[in-house]
Each structure stands twice: as C-alpha cells, then as structure tokens.
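Inspection log for the structure reproduced underneath, given as structure tokens.
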Amino acid sequence: MVLGAEVAVDREEEDKWPPWLRPLLRTSFFVQCKIHADAHKSECNMYCLDCMNGALCSLCLASHRDHRAIQIRRSSYHDVIRVSEIQKYLDITGIQTYIINSARIVFLNERPQPRPGKGVTNTCLVCERSLLDSFTFCSLGCKINGTSKSFWKKKSVEAAAGNSDSDSDESSLNYLHQERAKKTIQSFTPSTPPRSAASASVNYRTAKRRKGIPHRAPLGALVIQY
C-alpha cells in the first residue's frame, strides 16, 4: 500500500508540469550538432517542446517547422531563456528575472551560492541564492523542486528533526515559512540597545535644568579699534 501511494504521489508531481520541462532542464546545450557537424552554424541552442529529442541546431529546425521550438541562450556559463518565449508555455510566477542585453530572461537551473552576502534578506528556497524580496526561486529547476512534496518533506526533517508537528507535508511547509518569516522580521527590526545608567542620569539632569535669565554684556567689555 505504501509503495502504491508513493507511485501516486510521483505521478501527481509529474502531472503538475508540462512533459517537456524536466527533459529540457536535463539537456546539455551549446554542443556541436552531430548531424550538421560540418556546417558553419552547428551549435545546438534550440529545443523542440513537441519532440523532446534533445538540443537542436538552427539547421535541425527544418524538420520541426510546425513545432514549438524555443531558443536557449547563455549568461555567465549558465543556460537562460527569454521571458517572452517561456511564459507562453509555462507559469514563471515567483522566479526572479534578470535583464541581459536589453532582454528579460530566467535561468534554467539552480546556481547555488557558498554564502549569502551581507544585508541579504531573501534567498531562493532551494539553493539559497540571493533574491529580491518579491521572488521565491532563482530558476525553473528550483521552482520544480521547491514546489514538490518530497522536497519539503526532506527539508522539514533537516530543519526540524524530531518535531512532532511536522508529520504532514502541509505542516512542514508552514514550519519552514514561519522560520523564514522570523528571520526576515529580525533582519528588518534591529534590537534597541538598553539605556545605560549614565545616560539616564544625564537625561534626568537635563530635564531638571531650567533656563536662566539672560544677562547683557557690560559696555566696558566692548573694545573699539581705530
């Protein structure tokens, strides 16, 4: 019975996304096309969403005239795709976008950071890369992993080992979001240092001091030079 339930969960996870998405993220791009190796433009930077048969070069597209083909680009040795192309086929809500060469793009796979920079208040839920506050994931791959029940179950065990309240996936998700919210609140609300006894006594004397009557300087103190 348990095995059947796990298979049902895996099938449910697969059905949440288009069938071409996971193969796309596993594909290696910018390699030489084996079919058109002698051609001038044989770099494989295209992908057919209908055939899902690996990376294609521009010459391969002749066999995919009526198919949905997208172009993969590169940024800092990472595969990216333009938002204008991918958002026609996939919901990219929550994924941080970037502007490169005047075009808005998203990254295909995660790009982990060794450690978040100083002052960072928001990171990717999966790989902990620094993000703007309005985003949750840094790439398409992180959104797939970060929205799966198996991922949150694993994270809940790591973050709250032995916590009896994290038996279900929903409670695990709530627990991690609460912990993250606490860190965010703490980062925006620095603690107020306690008042010292010396500063308190100075404030007390200042409050008790009254302004005296002003006195005009005597005329004898005025020196006039000619």
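Letters for chains follow the order of the structure tokens (A, B, ...), residue numbers begin at 1 for each chain, and ligand numbers begin at 1 in the order shown.
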Taking the DSSP assignment computed from this structure's backbone, write out as a tab-separated table (two decimals) with N, CA, C and O atoms, in the first residue's frame all residues of range 75-115 of chain A that belong to strand (DSSP E or B).
chain	number	residue	atom	x	y	z
A	75	SER	N	24.42	32.94	-20.18
A	75	SER	CA	24.81	34.08	-19.37
A	75	SER	C	25.70	33.57	-18.25
A	75	SER	O	25.25	32.77	-17.41
A	78	HIS	N	25.85	29.88	-17.81
A	78	HIS	CA	24.61	29.23	-17.39
A	78	HIS	C	23.57	29.39	-18.51
A	78	HIS	O	23.53	30.40	-19.21
A	79	ASP	N	22.70	28.38	-18.64
A	79	ASP	CA	21.66	28.40	-19.66
A	79	ASP	C	20.48	29.26	-19.21
A	79	ASP	O	20.02	29.13	-18.07
A	80	VAL	N	20.02	30.13	-20.10
A	80	VAL	CA	18.90	31.02	-19.80
A	80	VAL	C	17.94	31.00	-20.98
A	80	VAL	O	18.29	30.54	-22.08
A	81	ILE	N	16.75	31.52	-20.75
A	81	ILE	CA	15.76	31.66	-21.81
A	81	ILE	C	15.03	32.97	-21.60
A	81	ILE	O	14.84	33.43	-20.46
A	82	ARG	N	14.64	33.58	-22.69
A	82	ARG	CA	13.92	34.85	-22.60
A	82	ARG	C	12.52	34.65	-22.04
A	82	ARG	O	11.85	33.67	-22.36
A	95	ILE	N	9.63	33.28	-9.92
A	95	ILE	CA	11.02	33.10	-10.35
A	95	ILE	C	11.63	34.46	-10.67
A	95	ILE	O	11.05	35.23	-11.44
A	98	TYR	N	15.97	38.51	-14.84
A	98	TYR	CA	17.12	39.41	-14.99
A	98	TYR	C	17.06	40.03	-16.38
A	98	TYR	O	16.45	39.48	-17.30
A	99	ILE	N	17.71	41.17	-16.54
A	99	ILE	CA	17.79	41.83	-17.84
A	99	ILE	C	19.21	41.71	-18.36
A	99	ILE	O	20.15	42.22	-17.74
A	100	ILE	N	19.37	41.02	-19.47
A	100	ILE	CA	20.68	40.82	-20.10
A	100	ILE	C	20.55	41.18	-21.57
A	100	ILE	O	19.68	40.66	-22.27
A	103	ALA	N	17.15	42.31	-22.76
A	103	ALA	CA	16.07	41.32	-22.78
A	103	ALA	C	15.92	40.71	-21.39
A	103	ALA	O	16.92	40.41	-20.73
A	104	ARG	N	14.68	40.51	-20.97
A	104	ARG	CA	14.43	39.89	-19.66
A	104	ARG	C	14.49	38.37	-19.79
A	104	ARG	O	13.84	37.78	-20.65
A	105	ILE	N	15.27	37.74	-18.91
A	105	ILE	CA	15.49	36.29	-19.01
A	105	ILE	C	15.29	35.64	-17.64
A	105	ILE	O	15.23	36.31	-16.61
A	106	VAL	N	15.18	34.29	-17.67
A	106	VAL	CA	15.19	33.48	-16.45
A	106	VAL	C	16.21	32.37	-16.65
A	106	VAL	O	16.45	31.92	-17.77
A	107	PHE	N	16.80	31.91	-15.55
A	107	PHE	CA	17.77	30.82	-15.61
A	107	PHE	C	17.04	29.48	-15.60
A	107	PHE	O	15.99	29.34	-14.97
query = At what distance in Å, to one decimal, does CA of Glu43 in chain A lie from CA of Phe30 in chain A?
reply =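 Distance between the two atoms: 5.4 Å.
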inquiry  = One number please: CA of Ala159 in chain A to CA of Thr93 in chain A, in Å, one decimal.
reply    = 25.8 Å
task = Give the answer as one residue: which of A:Lys143, A:Arg73, A:Lys41, A:Lys149 has the shortest atom-to-atom distance to Arg22 in chain A, using only C-alpha atoms?
result = A:Lys143
query = Counting only C-alpha atoms, what is within 12 Å of range 129-138 of chain A, bar same-chain residues fewer than 3 positions away, as an MDAnalysis selection string?
reply = chainID A and resid 80 92:98 105:126 141:147 177 180:181 184
Contacts of range 44-55 of chain A at 7 Å (only C-alpha atoms; same-chain gap of 6+ positions) as a ChimeraX atom specification = /A:20,23,27-33,67-73
message = DSSP on the backbone: which residues in range 19-182 of chain A end up as helix (DSSP H, G or I)? Give the answer as a PyMOL selection string.
response = chain A and resi 21-26+60-64+83-86+140-146+149-159+164-166+169-182
message = Between CA of Ser42 in chain A and CA of Cys60 in chain A, what is the distance in Å, rounded to a tenth?
response =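 Taking CA of Ser42 in chain A as the start and CA of Cys60 in chain A as the end point, the length is 9.0 Å.
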